[in-house]
Amino acid sequence: MADLTMRIWRGDQDGGELVDYEIESQEGEVVLDVIHRLQATQIPDLACRWNCKAGKCGSCSAEINGMPRLMCMTRMDQLPDGPITVTPMRAFPIIRDLVTDVSFNFEMAKRVPAFNPPPMPEGGYRMQQIDVERGQEFRKCIECFMCQNVCHVIRDHEENKANYAGPRFFIRYAELEMHPLDTNDRRELVREKMGLGLCNITKCCTEVCPEHIKITDNAIIPLKERAVDAHYDPVAWLGRKITRRTKRSAAEAAADRP
Amino acid sequence: MAVDDATITEVQLGGRRGGPDVATLRTDKWWKLPVTTVAVLSAFIVYATWAAFFGTSNFFYAAHNLLSPFYSPCLGNICKTQGVTTSPFLGWWQLSPALIILVFPLGFRMTCYYYRKAYYRSFWRSPVACAVQDAHSTYSGETRAPLILQNIHRYFFYFGLVFNVLLTIDAVQAFIWPGGGVHMSIGTLVLCLNASLLWLYSLSCHACRHLCGGQVRNFSKHPIRHKLWKFVTPLNAKHMQFAWMSLVVVAMTDVYVRLVASGTITDFKIF
Ligand code: SF4
Ligand code: SF4
Ligand code: FES
Ligand code: FES
């Protein structure tokens with residue numbers, strides 16, 4: 001007996017609507033299972049992305065009852081009774097049904113200045129365990145882009161997309177800025193051109209991250225504090241005026257080198 | 001550091017988005033948290049305003065040396081003269097001394113990363129909850145005046161530390177009563193609790209975490225700063241809790257001192 005209503009958004013660039021599908025519930029299923037059963041039995045043309053079914057590939061991001069979630073990691077028995085709404089990620093242009101065009105994110109990925117270690121002979125790089133551990137949290141990112149999707153800076157204000165890296169790339173900037181072997185200084189870039197100041201630290205990115213990365217506390221706020229060091233702090237500013245230094249000095253960078 | 005322009009292509013703006021055009025599809029009670037935040041913060045603001053402008057007597061209980069945190073440090077000799085604000089030191093200032101004092105804790109809390117989140121969400125509704133549409137059609141975040149001033153938070157943190165020292169001194173002095181000897185009362189404990197929570201609030205501050213060690217690239221080269229950072233990091237994870245607890249307790253401390261000083265209740269002596 002069909003005891004479950006799945007309210008799925010169907011449509012493309014020409015528009016779309018929510019459509020109700022009735023289906024029988026089965027024990028132990030996640031939302032993606034139900035979507036697959038619907039594809040197999042009722043709507044073979046339903047478009048959705050998925051890959052690993054294990055919360056590790058970051059493909060199946062969607063919005064379930066209005067909240068960004070991985071379809072493969074959302075258990076049906078943990079959702080409230082009543083129809084279950086499944087819609088595509090809201091911040092990106094729609095391709096079809098549950099599939100969105102996430103190329104904005106790849107564009108922002110290209111803008112991150114690459115890791116730049118000092119020249120050293122083969123096998124010359126050494127890092128201590130405590131320095132390795134520091135960036136480990138950020139490397140858990142599966143690029144599901146749900147943090148980008150939920151971020152109101154671009155979700156509700158399309159115009160900001162041109163100059164906003166977004167939380168997923170703020171963690172990349174933070175990781176590089178905390179890397180002892182890196183010699184680039186991206187603090188002014190991230191403040192001026194990547195929209196760090198647009199983030200108002202309201203923490204929705206952290207709330208939706210399936211890898212539980214503390215995006216705001218451990219990446220964005222440390223970046224904001226670095227922007228203060230490099231730009232806003234009046235005492236640091238005076239110090240730079242006196243010593244006529246604008247960036248991290250070569251001596252500082254050298255001292256940080258292992 | 002510039003972006004390597006060769007690899008960059010323009011971000012395509014526009015394009016129809018999926019999903020219905022509604023403010024949110026959330027079905028849970030997402031409005032509970034912002035409503036609670038507005039209620040508690042408003043209650044505090046109303047009380048603090050009253051205490052600062054009109055509560056210019058009864059903020060000090062001389063017999064047990066209890067001073068309200070809203071009126072600490074005791075500017076001039078107002079503690080002895082109980083609410084007379086035209087002391088030699090403060091002769092030019094005709095209003096409540098609390099108004100001078102409260103600027104610093106107020107600035108500290110207004111620019112605090114946690115409170116920013118709290119009031120941006122609840123009062124400004126930008127956004128009121130995750131995946132709920134921003135209440136404003138334009139948005140510039142913290143890139144312009146006045147919000148760009150949030151970047152001076154670390155200076156308020158430094159001032160905050162000075163106040164913590166002063167309130168700690170008040171708490172210690174509350175053990176020494178004018179009649180002589182060392183005593184303890186409920187009031188002493190209240191002042192101690194208040195000072196401890198304010199320390200926890202300050203030490204868990206994000207700017208503090210950054211200044212302790214967060215700003216270095218290389219922990220292995222800065223072992224002492226790494227230790228400091230390791231010490232404040234778990235506190236930082238509880239910053240929100242400390243923010244609320246210290247806010248409520250600071251108001252309660254003021255209430256307690258006033259009740260005692262006005263003779264409404266007696267400050268129970270422990271020894
Ligand atoms: S904390 Fe900042 S980056 Fe994260 S969702 Fe909120 S505004 Fe966006
Ligand atoms: S940071 Fe978290 S939410 Fe953002 S893309 Fe990575 S895994 Fe997804
Ligand atoms: S299918 Fe890979 S994360 Fe869901
Ligand atoms: S006091 Fe809250 S972040 Fe500094």
# chains A, B, ... in the order shown; residues from 1 in each chain; ligands from 1
>>> residues_around(residues="Thr233 (chain B)", least_positions_apart="4", cutoff="12 Å", atoms="only C-alpha atoms", output="list in words")
Asp217 and Asn218 of chain A; Leu200, Leu203, Ser204, Cys205, His206, Ala207, Cys208, Arg209, His210, Leu211, Cys212, Gly213, Gly214, Arg225, His226, Lys227, Leu228, Trp229, Ala237, Lys238 and His239 of chain B
>>> write_last_selection(atoms="C-alpha atoms", output="compact mmCIF listing (two decimals), in the first residue's frame")
# COMPACT_ATOMS: atom_id res chain seq x y z
CA ASP A 217 34.97 28.73 13.71
CA ASN A 218 38.04 27.10 12.27
CA LEU B 200 35.62 32.21 30.50
CA LEU B 203 39.28 33.51 27.11
CA SER B 204 36.98 31.65 24.74
CA CYS B 205 36.82 34.68 22.39
CA HIS B 206 37.77 34.03 18.78
CA ALA B 207 40.15 37.00 18.71
CA CYS B 208 41.82 35.61 21.83
CA ARG B 209 42.25 32.23 20.15
CA HIS B 210 43.81 33.92 17.14
CA LEU B 211 46.13 36.10 19.19
CA CYS B 212 47.17 33.23 21.47
CA GLY B 213 48.42 31.10 18.61
CA GLY B 214 45.89 30.82 15.82
CA ARG B 225 51.80 29.71 21.46
CA HIS B 226 50.69 26.25 20.37
CA LYS B 227 50.12 25.34 24.04
CA LEU B 228 48.13 28.51 24.62
CA TRP B 229 46.08 27.82 21.51
CA ALA B 237 34.09 25.69 21.18
CA LYS B 238 31.85 26.68 24.14
CA HIS B 239 31.93 30.40 23.44
>>> residues_near_ligand(ligand="ligand 4", cutoff="8 Å", atoms="only C-alpha atoms and all ligand atoms", output="number ranges by chain")
B: 108-109, 111-115, 153-154, 157, 201-202, 204-208, 239-240, 243
>>> select_by_dssp(residues="region 89-249 of chain B", states="alpha helix (DSSP H)", output="PyMOL selection string")
chain B and resi 98-110+113-122+153-173+186-203+206-209+223-237+239-249
>>> residues_around(residues="Val35 (chain B)", least_positions_apart="4", cutoff="12 Å", atoms="only C-alpha atoms", output="number ranges by chain")
B: 29-31, 39-42, 118-119, 121-125, 128-129
>>> residues_near_ligand(ligand="ligand 2", cutoff="6 Å", atoms="only C-alpha atoms and all ligand atoms", output="ChimeraX atom specification")
/A:141-147,168,208-211,213
>>> residues_near_ligand(ligand="ligand 3", cutoff="9 Å", atoms="only C-alpha atoms and all ligand atoms", output="PDB file with N, CA, C and O atoms, in the first residue's frame")
ATOM      1  N   LEU A  32      17.606   8.682  -1.000  1.00  0.00           N
ATOM      2  CA  LEU A  32      18.069   8.302  -2.342  1.00  0.00           C
ATOM      3  C   LEU A  32      17.503   6.946  -2.784  1.00  0.00           C
ATOM      4  O   LEU A  32      17.185   6.765  -3.967  1.00  0.00           O
ATOM      5  N   ARG A  49      21.576  13.275  -9.443  1.00  0.00           N
ATOM      6  CA  ARG A  49      22.995  12.895  -9.424  1.00  0.00           C
ATOM      7  C   ARG A  49      23.279  12.044  -8.212  1.00  0.00           C
ATOM      8  O   ARG A  49      22.782  12.342  -7.118  1.00  0.00           O
ATOM      9  N   TRP A  50      24.065  11.056  -8.390  1.00  0.00           N
ATOM     10  CA  TRP A  50      24.521  10.263  -7.244  1.00  0.00           C
ATOM     11  C   TRP A  50      25.706   9.438  -7.699  1.00  0.00           C
ATOM     12  O   TRP A  50      25.996   9.349  -8.882  1.00  0.00           O
ATOM     13  N   ASN A  51      26.406   8.868  -6.762  1.00  0.00           N
ATOM     14  CA  ASN A  51      27.563   8.083  -7.139  1.00  0.00           C
ATOM     15  C   ASN A  51      27.921   7.010  -6.136  1.00  0.00           C
ATOM     16  O   ASN A  51      27.976   5.848  -6.465  1.00  0.00           O
ATOM     17  N   CYS A  52      28.167   7.410  -4.882  1.00  0.00           N
ATOM     18  CA  CYS A  52      28.754   6.452  -3.935  1.00  0.00           C
ATOM     19  C   CYS A  52      27.730   5.832  -3.008  1.00  0.00           C
ATOM     20  O   CYS A  52      27.940   4.758  -2.484  1.00  0.00           O
ATOM     21  N   LYS A  53      26.624   6.527  -2.780  1.00  0.00           N
ATOM     22  CA  LYS A  53      25.628   6.077  -1.805  1.00  0.00           C
ATOM     23  C   LYS A  53      26.224   5.878  -0.422  1.00  0.00           C
ATOM     24  O   LYS A  53      25.757   5.042   0.357  1.00  0.00           O
ATOM     25  N   ALA A  54      27.281   6.575  -0.135  1.00  0.00           N
ATOM     26  CA  ALA A  54      27.958   6.393   1.152  1.00  0.00           C
ATOM     27  C   ALA A  54      28.381   7.721   1.771  1.00  0.00           C
ATOM     28  O   ALA A  54      29.203   7.745   2.669  1.00  0.00           O
ATOM     29  N   GLY A  55      27.843   8.819   1.254  1.00  0.00           N
ATOM     30  CA  GLY A  55      28.175  10.119   1.833  1.00  0.00           C
ATOM     31  C   GLY A  55      29.605  10.545   1.599  1.00  0.00           C
ATOM     32  O   GLY A  55      30.140  11.319   2.383  1.00  0.00           O
ATOM     33  N   LYS A  56      30.194  10.048   0.554  1.00  0.00           N
ATOM     34  CA  LYS A  56      31.599  10.368   0.347  1.00  0.00           C
ATOM     35  C   LYS A  56      31.921  11.031  -1.001  1.00  0.00           C
ATOM     36  O   LYS A  56      33.014  11.550  -1.183  1.00  0.00           O
ATOM     37  N   CYS A  57      30.985  11.008  -1.945  1.00  0.00           N
ATOM     38  CA  CYS A  57      31.321  11.590  -3.252  1.00  0.00           C
ATOM     39  C   CYS A  57      30.776  13.004  -3.400  1.00  0.00           C
ATOM     40  O   CYS A  57      31.242  13.776  -4.228  1.00  0.00           O
ATOM     41  N   GLY A  58      29.805  13.352  -2.575  1.00  0.00           N
ATOM     42  CA  GLY A  58      29.260  14.704  -2.620  1.00  0.00           C
ATOM     43  C   GLY A  58      28.392  14.986  -3.828  1.00  0.00           C
ATOM     44  O   GLY A  58      28.202  16.142  -4.193  1.00  0.00           O
ATOM     45  N   SER A  59      27.828  13.952  -4.466  1.00  0.00           N
ATOM     46  CA  SER A  59      27.030  14.184  -5.680  1.00  0.00           C
ATOM     47  C   SER A  59      25.553  14.408  -5.400  1.00  0.00           C
ATOM     48  O   SER A  59      24.886  15.108  -6.152  1.00  0.00           O
ATOM     49  N   CYS A  60      25.025  13.782  -4.360  1.00  0.00           N
ATOM     50  CA  CYS A  60      23.571  13.692  -4.222  1.00  0.00           C
ATOM     51  C   CYS A  60      22.965  14.821  -3.400  1.00  0.00           C
ATOM     52  O   CYS A  60      21.867  14.680  -2.860  1.00  0.00           O
ATOM     53  N   SER A  61      23.669  15.954  -3.296  1.00  0.00           N
ATOM     54  CA  SER A  61      23.148  17.095  -2.527  1.00  0.00           C
ATOM     55  C   SER A  61      21.802  17.562  -3.068  1.00  0.00           C
ATOM     56  O   SER A  61      21.640  17.703  -4.274  1.00  0.00           O
ATOM     57  N   LEU A  70      22.439  15.491   2.136  1.00  0.00           N
ATOM     58  CA  LEU A  70      22.789  14.453   1.175  1.00  0.00           C
ATOM     59  C   LEU A  70      21.641  13.464   1.143  1.00  0.00           C
ATOM     60  O   LEU A  70      21.227  12.953   2.180  1.00  0.00           O
ATOM     61  N   MET A  71      21.133  13.160  -0.054  1.00  0.00           N
ATOM     62  CA  MET A  71      20.001  12.227  -0.135  1.00  0.00           C
ATOM     63  C   MET A  71      20.401  10.841   0.355  1.00  0.00           C
ATOM     64  O   MET A  71      19.595  10.109   0.915  1.00  0.00           O
ATOM     65  N   CYS A  72      21.680  10.477   0.133  1.00  0.00           N
ATOM     66  CA  CYS A  72      22.092   9.123   0.503  1.00  0.00           C
ATOM     67  C   CYS A  72      22.339   8.972   1.994  1.00  0.00           C
ATOM     68  O   CYS A  72      22.527   7.871   2.487  1.00  0.00           O
ATOM     69  N   MET A  73      22.384  10.085   2.723  1.00  0.00           N
ATOM     70  CA  MET A  73      22.661   9.988   4.157  1.00  0.00           C
ATOM     71  C   MET A  73      21.460  10.397   5.002  1.00  0.00           C
ATOM     72  O   MET A  73      21.557  10.521   6.214  1.00  0.00           O
ATOM     73  N   ILE A 142      34.083  16.913   1.027  1.00  0.00           N
ATOM     74  CA  ILE A 142      33.733  16.041  -0.100  1.00  0.00           C
ATOM     75  C   ILE A 142      33.176  16.834  -1.276  1.00  0.00           C
ATOM     76  O   ILE A 142      32.657  16.270  -2.234  1.00  0.00           O
ATOM     77  N   CYS A 144      30.476  18.647  -1.651  1.00  0.00           N
ATOM     78  CA  CYS A 144      29.046  18.480  -1.921  1.00  0.00           C
ATOM     79  C   CYS A 144      28.420  19.828  -2.258  1.00  0.00           C
ATOM     80  O   CYS A 144      27.308  19.889  -2.759  1.00  0.00           O
TER      81      CYS A 144
END
>>> closest_residue(among="B:Phe159, B:Phe104, B:Tyr120, B:Phe219", to="ligand 1", atoms="only C-alpha atoms and all ligand atoms")
B:Tyr120
>>> closest_atom_pairs(of="chain B", to="ligand 1", cutoff="10 Å", atoms="only C-alpha atoms and all ligand atoms", output="CSV")
residue,atom,partner,partner_atom_place_in_ligand_line,distance
B:Lys117,CA,ligand 1,1 (S),8.3
B:Arg121,CA,ligand 1,6 (Fe),9.9
B:Ser126,CA,ligand 1,7 (S),8.9
B:Pro127,CA,ligand 1,6 (Fe),8.4
B:Cys130,CA,ligand 1,5 (S),7.9
B:Ala131,CA,ligand 1,5 (S),9.5
B:Gly141,CA,ligand 1,7 (S),8.2
>>> write_last_selection(atoms="N, CA, C and O atoms", output="PDB file, in the first residue's frame")
ATOM      1  N   LYS B 117      26.481  36.776  15.080  1.00  0.00           N
ATOM      2  CA  LYS B 117      25.635  35.731  14.503  1.00  0.00           C
ATOM      3  C   LYS B 117      24.221  35.836  15.086  1.00  0.00           C
ATOM      4  O   LYS B 117      23.224  35.818  14.360  1.00  0.00           O
ATOM      5  N   ARG B 121      21.022  37.118  12.817  1.00  0.00           N
ATOM      6  CA  ARG B 121      19.950  36.170  12.523  1.00  0.00           C
ATOM      7  C   ARG B 121      18.618  36.650  13.073  1.00  0.00           C
ATOM      8  O   ARG B 121      17.612  36.676  12.368  1.00  0.00           O
ATOM      9  N   SER B 126      18.996  38.091   8.643  1.00  0.00           N
ATOM     10  CA  SER B 126      19.829  38.009   7.458  1.00  0.00           C
ATOM     11  C   SER B 126      20.863  36.897   7.594  1.00  0.00           C
ATOM     12  O   SER B 126      22.023  37.175   7.795  1.00  0.00           O
ATOM     13  N   PRO B 127      20.484  35.676   7.510  1.00  0.00           N
ATOM     14  CA  PRO B 127      19.137  35.110   7.379  1.00  0.00           C
ATOM     15  C   PRO B 127      18.602  34.727   8.757  1.00  0.00           C
ATOM     16  O   PRO B 127      19.377  34.482   9.663  1.00  0.00           O
ATOM     17  N   CYS B 130      18.714  28.980   8.614  1.00  0.00           N
ATOM     18  CA  CYS B 130      19.361  28.476   7.398  1.00  0.00           C
ATOM     19  C   CYS B 130      18.321  28.059   6.364  1.00  0.00           C
ATOM     20  O   CYS B 130      17.295  27.470   6.714  1.00  0.00           O
ATOM     21  N   ALA B 131      18.600  28.363   5.115  1.00  0.00           N
ATOM     22  CA  ALA B 131      17.708  28.034   4.006  1.00  0.00           C
ATOM     23  C   ALA B 131      16.347  28.716   4.131  1.00  0.00           C
ATOM     24  O   ALA B 131      15.347  28.242   3.609  1.00  0.00           O
ATOM     25  N   GLY B 141      26.969  42.672   3.690  1.00  0.00           N
ATOM     26  CA  GLY B 141      27.682  42.002   4.778  1.00  0.00           C
ATOM     27  C   GLY B 141      28.434  42.966   5.669  1.00  0.00           C
ATOM     28  O   GLY B 141      27.908  44.008   6.066  1.00  0.00           O
TER      29      GLY B 141
END
>>> residues_around(residues="Ile130 (chain A)", least_positions_apart="2", cutoff="9 Å", atoms="only C-alpha atoms", output="ChimeraX atom specification")
/A:127-128,132-134 /B:218-220
>>> closest_residue(among="A:Gly239, A:Pro88, A:Phe170, A:Pro222", to="Ala109 (chain A)", atoms="only C-alpha atoms")
A:Phe170
>>> residues_around(residues="Ala230 (chain A)", least_positions_apart="4", cutoff="8 Å", atoms="only C-alpha atoms", output="MDAnalysis selection string")
chainID A and resid 187:188 226 236:237 247
>>> write_last_selection(atoms="N, CA and C atoms", output="PDB file, in the first residue's frame")
ATOM      1  N   ARG A 187      45.940  36.938   2.115  1.00  0.00           N
ATOM      2  CA  ARG A 187      45.022  37.635   3.022  1.00  0.00           C
ATOM      3  C   ARG A 187      44.326  38.815   2.350  1.00  0.00           C
ATOM      4  N   GLU A 188      45.079  39.602   1.606  1.00  0.00           N
ATOM      5  CA  GLU A 188      44.458  40.745   0.941  1.00  0.00           C
ATOM      6  C   GLU A 188      43.528  40.282  -0.182  1.00  0.00           C
ATOM      7  N   ARG A 226      42.910  37.137  10.320  1.00  0.00           N
ATOM      8  CA  ARG A 226      44.111  37.382   9.506  1.00  0.00           C
ATOM      9  C   ARG A 226      43.948  38.651   8.663  1.00  0.00           C
ATOM     10  N   ALA A 236      48.876  47.418  13.960  1.00  0.00           N
ATOM     11  CA  ALA A 236      49.651  46.683  12.958  1.00  0.00           C
ATOM     12  C   ALA A 236      49.902  47.568  11.740  1.00  0.00           C
ATOM     13  N   TRP A 237      48.903  48.391  11.410  1.00  0.00           N
ATOM     14  CA  TRP A 237      49.020  49.293  10.267  1.00  0.00           C
ATOM     15  C   TRP A 237      50.150  50.299  10.496  1.00  0.00           C
ATOM     16  N   LYS A 247      53.503  43.434   3.309  1.00  0.00           N
ATOM     17  CA  LYS A 247      53.141  42.028   3.314  1.00  0.00           C
ATOM     18  C   LYS A 247      53.952  41.290   4.369  1.00  0.00           C
TER      19      LYS A 247
END
>>> select_by_dssp(residues="region 47-122 of chain A", states="strand (DSSP E)", output="MDAnalysis selection string")
chainID A and resid 61:64 67:70 84:87 94:96 99:100
>>> residues_around(residues="Asn160 (chain A)", least_positions_apart="6", cutoff="12 Å", atoms="only C-alpha atoms", output="short mmCIF file (atom, residue, chain, number, x, y, z; two decimals) with all heavy atoms, in the first residue's frame")
data_model
loop_
_atom_site.label_atom_id
_atom_site.label_comp_id
_atom_site.auth_asym_id
_atom_site.auth_seq_id
_atom_site.Cartn_x
_atom_site.Cartn_y
_atom_site.Cartn_z
N ALA A 91 20.71 27.51 -4.77
CA ALA A 91 21.60 28.63 -5.11
C ALA A 91 22.18 28.56 -6.52
O ALA A 91 22.74 29.52 -7.00
CB ALA A 91 22.74 28.70 -4.09
N PHE A 104 29.78 27.33 -10.89
CA PHE A 104 30.23 28.48 -10.09
C PHE A 104 31.37 28.06 -9.14
O PHE A 104 32.38 28.75 -9.00
CB PHE A 104 29.05 29.05 -9.27
CG PHE A 104 29.45 29.87 -8.08
CD1 PHE A 104 29.92 31.17 -8.24
CD2 PHE A 104 29.38 29.34 -6.80
CE1 PHE A 104 30.30 31.92 -7.13
CE2 PHE A 104 29.77 30.09 -5.69
CZ PHE A 104 30.23 31.38 -5.86
N CYS A 151 24.53 29.23 1.81
CA CYS A 151 25.06 30.55 2.19
C CYS A 151 24.20 31.67 1.59
O CYS A 151 24.16 31.84 0.37
CB CYS A 151 26.51 30.69 1.75
SG CYS A 151 27.18 32.28 2.22
N HIS A 152 23.56 32.44 2.45
CA HIS A 152 22.62 33.45 1.98
C HIS A 152 23.29 34.53 1.14
O HIS A 152 22.62 35.22 0.37
CB HIS A 152 21.91 34.08 3.18
CG HIS A 152 22.80 34.96 4.01
ND1 HIS A 152 22.59 36.29 4.15
CD2 HIS A 152 23.94 34.69 4.69
CE1 HIS A 152 23.55 36.81 4.91
NE2 HIS A 152 24.38 35.85 5.25
N VAL A 153 24.60 34.67 1.28
CA VAL A 153 25.32 35.71 0.51
C VAL A 153 25.09 35.52 -0.99
O VAL A 153 24.92 36.48 -1.73
CB VAL A 153 26.83 35.69 0.84
CG1 VAL A 153 27.59 36.68 -0.03
CG2 VAL A 153 27.06 35.97 2.31
N ILE A 154 25.07 34.27 -1.43
CA ILE A 154 24.81 34.04 -2.86
C ILE A 154 23.45 33.39 -3.10
O ILE A 154 22.87 33.57 -4.16
CB ILE A 154 25.92 33.18 -3.51
CG1 ILE A 154 26.22 31.93 -2.68
CG2 ILE A 154 27.17 34.02 -3.71
CD1 ILE A 154 27.23 31.01 -3.34
N GLY A 166 33.01 31.83 -1.18
CA GLY A 166 32.08 30.95 -0.48
C GLY A 166 32.79 30.06 0.53
O GLY A 166 34.01 29.86 0.46
N LYS A 193 38.91 40.56 -2.92
CA LYS A 193 38.27 40.03 -4.13
C LYS A 193 37.44 38.79 -3.92
O LYS A 193 36.67 38.41 -4.79
CB LYS A 193 39.35 39.72 -5.18
CG LYS A 193 40.18 40.94 -5.57
CD LYS A 193 40.50 40.88 -7.07
CE LYS A 193 41.17 42.15 -7.53
NZ LYS A 193 42.62 42.07 -7.39
N MET A 194 37.62 38.12 -2.78
CA MET A 194 36.91 36.86 -2.58
C MET A 194 35.75 36.99 -1.60
O MET A 194 35.17 36.00 -1.18
CB MET A 194 37.88 35.77 -2.12
CG MET A 194 38.92 35.42 -3.16
SD MET A 194 38.15 34.85 -4.70
CE MET A 194 39.36 35.40 -5.87
N GLY A 195 35.46 38.22 -1.20
CA GLY A 195 34.24 38.46 -0.43
C GLY A 195 34.23 37.98 1.01
O GLY A 195 33.17 37.73 1.56
N LEU A 196 35.41 37.91 1.63
CA LEU A 196 35.43 37.46 3.03
C LEU A 196 34.53 38.33 3.91
O LEU A 196 33.84 37.83 4.80
CB LEU A 196 36.88 37.47 3.55
CG LEU A 196 37.09 36.96 4.96
CD1 LEU A 196 36.77 35.47 5.04
CD2 LEU A 196 38.50 37.22 5.44
N GLY A 197 34.53 39.65 3.63
CA GLY A 197 33.73 40.57 4.43
C GLY A 197 32.23 40.42 4.21
O GLY A 197 31.43 40.93 4.97
N LEU A 198 31.84 39.72 3.16
CA LEU A 198 30.40 39.53 2.93
C LEU A 198 29.81 38.50 3.88
O LEU A 198 28.64 38.55 4.22
CB LEU A 198 30.15 39.08 1.48
CG LEU A 198 30.34 40.15 0.40
CD1 LEU A 198 30.25 39.52 -0.98
CD2 LEU A 198 29.30 41.25 0.54
N CYS A 199 30.65 37.55 4.28
CA CYS A 199 30.17 36.54 5.22
C CYS A 199 29.88 37.21 6.55
O CYS A 199 30.70 37.94 7.08
CB CYS A 199 31.24 35.46 5.41
SG CYS A 199 31.01 34.49 6.90
N VAL B 11 32.24 34.34 -13.96
CA VAL B 11 31.15 33.56 -13.40
C VAL B 11 29.88 33.94 -14.16
O VAL B 11 29.59 35.11 -14.34
CB VAL B 11 30.96 33.87 -11.90
CG1 VAL B 11 29.73 33.19 -11.36
CG2 VAL B 11 32.18 33.47 -11.12
N GLN B 12 29.16 32.94 -14.63
CA GLN B 12 27.90 33.21 -15.32
C GLN B 12 26.83 33.53 -14.28
O GLN B 12 26.49 32.69 -13.46
CB GLN B 12 27.47 31.96 -16.11
CG GLN B 12 28.33 31.67 -17.32
CD GLN B 12 28.12 32.69 -18.43
OE1 GLN B 12 27.00 33.06 -18.71
NE2 GLN B 12 29.21 33.15 -19.03
N LEU B 13 26.33 34.75 -14.31
CA LEU B 13 25.28 35.10 -13.36
C LEU B 13 23.91 34.81 -13.98
O LEU B 13 23.78 34.73 -15.19
CB LEU B 13 25.37 36.57 -12.97
CG LEU B 13 26.62 37.00 -12.21
CD1 LEU B 13 26.51 38.46 -11.80
CD2 LEU B 13 26.85 36.13 -10.99
N GLY B 14 22.94 34.72 -13.12
CA GLY B 14 21.57 34.51 -13.60
C GLY B 14 21.30 33.05 -13.89
O GLY B 14 22.01 32.16 -13.45
N THR B 138 18.96 43.78 -0.63
CA THR B 138 20.37 44.02 -0.94
C THR B 138 21.20 43.61 0.26
O THR B 138 20.70 43.56 1.39
CB THR B 138 20.65 45.50 -1.25
OG1 THR B 138 20.24 46.27 -0.12
CG2 THR B 138 19.91 45.96 -2.49
N TYR B 139 22.47 43.37 0.01
CA TYR B 139 23.29 42.83 1.08
C TYR B 139 24.75 43.16 0.85
O TYR B 139 25.27 42.91 -0.23
CB TYR B 139 23.10 41.31 1.14
CG TYR B 139 23.97 40.63 2.16
CD1 TYR B 139 23.55 40.56 3.50
CD2 TYR B 139 25.19 40.07 1.83
CE1 TYR B 139 24.35 39.95 4.45
CE2 TYR B 139 25.99 39.46 2.78
CZ TYR B 139 25.56 39.42 4.09
OH TYR B 139 26.36 38.81 5.03
N SER B 140 25.39 43.76 1.83
CA SER B 140 26.82 44.01 1.68
C SER B 140 27.62 43.45 2.86
O SER B 140 28.81 43.72 2.99
CB SER B 140 27.09 45.50 1.52
OG SER B 140 26.56 46.20 2.64
N GLY B 141 26.97 42.67 3.69
CA GLY B 141 27.68 42.00 4.78
C GLY B 141 28.43 42.97 5.67
O GLY B 141 27.91 44.01 6.07
#
>>> residues_around(residues="Val30 (chain A)", least_positions_apart="3", cutoff="9 Å", atoms="only C-alpha atoms", output="compact mmCIF listing (two decimals) with N, CA and C atoms, in the first residue's frame")
# COMPACT_ATOMS: atom_id res chain seq x y z
N ASP A 33 17.33 6.02 -1.84
CA ASP A 33 16.73 4.72 -2.19
C ASP A 33 15.33 4.92 -2.75
N VAL A 34 14.57 5.78 -2.09
CA VAL A 34 13.19 6.00 -2.52
C VAL A 34 13.18 6.66 -3.90
N ILE A 35 14.09 7.61 -4.10
CA ILE A 35 14.20 8.27 -5.41
C ILE A 35 14.51 7.20 -6.47
N MET A 71 21.13 13.16 -0.05
CA MET A 71 20.00 12.23 -0.14
C MET A 71 20.40 10.84 0.36
N CYS A 72 21.68 10.48 0.13
CA CYS A 72 22.09 9.12 0.50
C CYS A 72 22.34 8.97 1.99
N MET A 73 22.38 10.08 2.72
CA MET A 73 22.66 9.99 4.16
C MET A 73 21.46 10.40 5.00
N THR A 74 20.33 10.62 4.37
CA THR A 74 19.14 11.05 5.11
C THR A 74 18.18 9.88 5.23
N ARG A 75 18.08 9.34 6.41
CA ARG A 75 17.23 8.16 6.62
C ARG A 75 15.76 8.57 6.62
N MET A 76 14.95 7.77 5.95
CA MET A 76 13.53 8.07 5.86
C MET A 76 12.87 8.06 7.23
N ASP A 77 13.30 7.13 8.10
CA ASP A 77 12.61 7.02 9.39
C ASP A 77 12.95 8.18 10.34
>>> atom_distance(atom1="CA of Tyr173 (chain A)", atom2="CA of Thr216 (chain A)")
12.7 Å
>>> atom_distance(atom1="CA of Leu66 (chain B)", atom2="CA of Val260 (chain B)")
9.0 Å
>>> closest_residue(among="B:Tyr155, B:Phe231, B:Phe70, B:Phe163", to="chain A", atoms="only C-alpha atoms")
B:Tyr155
>>> atom_distance(atom1="CA of Phe106 (chain A)", atom2="CA of Pro93 (chain A)")
14.0 Å
>>> decode(residues="region 132-136 of chain A", atoms="N, CA and C atoms", output="compact mmCIF listing (two decimals), in the first residue's frame")
# COMPACT_ATOMS: atom_id res chain seq x y z
N VAL A 132 50.72 19.05 10.43
CA VAL A 132 49.94 18.22 9.50
C VAL A 132 48.50 18.13 9.99
N GLU A 133 48.37 17.91 11.29
CA GLU A 133 47.03 17.70 11.87
C GLU A 133 46.13 18.92 11.72
N ARG A 134 46.72 20.08 11.75
CA ARG A 134 45.92 21.30 11.76
C ARG A 134 45.02 21.41 10.54
N GLY A 135 45.53 21.04 9.37
CA GLY A 135 44.71 21.18 8.16
C GLY A 135 43.86 19.96 7.86
N GLN A 136 44.02 18.93 8.68
CA GLN A 136 43.34 17.66 8.38
C GLN A 136 41.82 17.82 8.29
